[in-house]
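Beneath this line is the structure, given in structure tokens, with notes to follow.
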Amino acid sequence: MEELKCVVCGKELKKDDEGRAWRKCTICKKPVCFDHLRYMGVWRRGLYRDYVEVVPVCENDMPKKRRRVTE
Ligand SMILES: [Zn+2]
Ligand SMILES: [Zn+2]
């Protein structure tokens with residue numbers, strides 16, 4: 001059975017708590033607890049126009065440079 005741990009801090013996570021205590025990182029696909037979960041906007045190609053989708057990523061995969069979070 002796959003062991004569930006936060007990829008940043010190594011905290012153990014329960015499968016049932018997905019979406020409540022942790023989510024999967026969009027980039028590395030590893031579980032990350034809400035303490036270390038960050039959100040990043042990525043461009044998606046839509047049917048009529050491109051749009052920005054906000055996806056969950058772990059702290060490790062955030063861009064290195066600290067940026068101001070826009071409202
Ligand atoms: Zn964590
Ligand atoms: Zn990640």
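We name chains A, B, ... following the order of the structure tokens; residues begin at 1 in each chain, and ligands are numbered from 1 as shown.
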### Task
Could you report the residues within 9 Å of ligand 2, using only C-alpha atoms and all ligand atoms, as a ChimeraX atom specification?
/A:7-8,24-32,37,56-62
Take the residues that were just selected and, keeping C-alpha atoms, output them as a PDB file, in the first residue's frame.
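Output below, filename again.pdb:
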```
ATOM      1  CA  VAL A   7       6.238  15.812   0.497  1.00  0.00           C
ATOM      2  CA  VAL A   8       7.448  18.921   2.351  1.00  0.00           C
ATOM      3  CA  LYS A  24      -1.967  16.266  -4.487  1.00  0.00           C
ATOM      4  CA  CYS A  25       0.600  18.615  -5.921  1.00  0.00           C
ATOM      5  CA  THR A  26      -0.122  19.315  -9.576  1.00  0.00           C
ATOM      6  CA  ILE A  27       3.560  19.293 -10.497  1.00  0.00           C
ATOM      7  CA  CYS A  28       5.146  16.394  -8.607  1.00  0.00           C
ATOM      8  CA  LYS A  29       1.851  14.523  -7.978  1.00  0.00           C
ATOM      9  CA  LYS A  30       2.841  13.938  -4.368  1.00  0.00           C
ATOM     10  CA  PRO A  31       0.545  14.542  -1.407  1.00  0.00           C
ATOM     11  CA  VAL A  32       1.066  17.800   0.448  1.00  0.00           C
ATOM     12  CA  LEU A  37       0.047  23.763   0.054  1.00  0.00           C
ATOM     13  CA  PRO A  56      -2.497  23.393  -5.932  1.00  0.00           C
ATOM     14  CA  VAL A  57       1.247  22.834  -5.708  1.00  0.00           C
ATOM     15  CA  CYS A  58       3.583  21.940  -2.882  1.00  0.00           C
ATOM     16  CA  GLU A  59       5.978  24.480  -1.424  1.00  0.00           C
ATOM     17  CA  ASN A  60       8.913  22.739  -3.112  1.00  0.00           C
ATOM     18  CA  ASP A  61       7.540  23.467  -6.547  1.00  0.00           C
ATOM     19  CA  MET A  62       6.735  27.106  -6.035  1.00  0.00           C
TER      20      MET A  62
END
```
### Task
Give the helix (DSSP H, G or I) residues of chain A, as assigned by DSSP on the backbone, as number ranges by chain.
A: 15-17, 34-36, 59-61
### strand (DSSP E or B) call set, DSSP backbone run, chain A, as a ChimeraX atom specification
/A:5,12,18,22-24,31-33,37-44,51-58
Export of prior selection with C-alpha atoms as a PDB file, in the first residue's frame:
```pdb
ATOM      1  CA  LYS A   5       3.153  11.631   3.630  1.00  0.00           C
ATOM      2  CA  GLU A  12       1.537  11.267   7.790  1.00  0.00           C
ATOM      3  CA  GLU A  18      -7.821  14.078   0.817  1.00  0.00           C
ATOM      4  CA  TRP A  22      -4.102  17.478   2.078  1.00  0.00           C
ATOM      5  CA  ARG A  23      -4.124  17.557  -1.685  1.00  0.00           C
ATOM      6  CA  LYS A  24      -1.967  16.266  -4.487  1.00  0.00           C
ATOM      7  CA  PRO A  31       0.545  14.542  -1.407  1.00  0.00           C
ATOM      8  CA  VAL A  32       1.066  17.800   0.448  1.00  0.00           C
ATOM      9  CA  CYS A  33      -0.579  18.878   3.704  1.00  0.00           C
ATOM     10  CA  LEU A  37       0.047  23.763   0.054  1.00  0.00           C
ATOM     11  CA  ARG A  38       0.357  26.771  -2.207  1.00  0.00           C
ATOM     12  CA  TYR A  39      -1.658  27.913  -5.186  1.00  0.00           C
ATOM     13  CA  MET A  40      -0.237  28.911  -8.518  1.00  0.00           C
ATOM     14  CA  GLY A  41      -1.905  30.283 -11.623  1.00  0.00           C
ATOM     15  CA  VAL A  42      -1.179  28.459 -14.869  1.00  0.00           C
ATOM     16  CA  TRP A  43      -2.294  29.281 -18.391  1.00  0.00           C
ATOM     17  CA  ARG A  44      -4.681  26.844 -19.990  1.00  0.00           C
ATOM     18  CA  TYR A  51      -7.564  31.320 -19.223  1.00  0.00           C
ATOM     19  CA  VAL A  52      -5.700  31.087 -15.949  1.00  0.00           C
ATOM     20  CA  GLU A  53      -6.406  28.091 -13.781  1.00  0.00           C
ATOM     21  CA  VAL A  54      -5.318  28.104 -10.164  1.00  0.00           C
ATOM     22  CA  VAL A  55      -3.773  24.793  -9.233  1.00  0.00           C
ATOM     23  CA  PRO A  56      -2.497  23.393  -5.932  1.00  0.00           C
ATOM     24  CA  VAL A  57       1.247  22.834  -5.708  1.00  0.00           C
ATOM     25  CA  CYS A  58       3.583  21.940  -2.882  1.00  0.00           C
TER      26      CYS A  58
END
```
### Message
Would you compute the distance between atom CA of A:Cys6 and atom CA of A:His36? Give it in Å to one decimal.
### Response
8.2 Å
### Task
Determine the nearest neighbour of ligand 1 from the options A:Lys14, A:Leu4, A:Cys9, A:Pro63, counting only C-alpha atoms and all ligand atoms.
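For ligand 1, the nearest of the candidates is A:Cys9.
As for atom CA of A:Asp17 and atom CA of A:Phe34, they are spaced 10.8 Å apart.
For the choices A:Gly10, A:Leu47, A:Lys64, A:Lys15, the atom-to-atom distance to ligand 1 is smallest for A:Gly10 when using only C-alpha atoms and all ligand atoms.
Minimum distance to ligand 1 across A:Arg45, A:Asp16, A:Ala21, A:Asp50 (counting only C-alpha atoms and all ligand atoms) occurs at A:Ala21.
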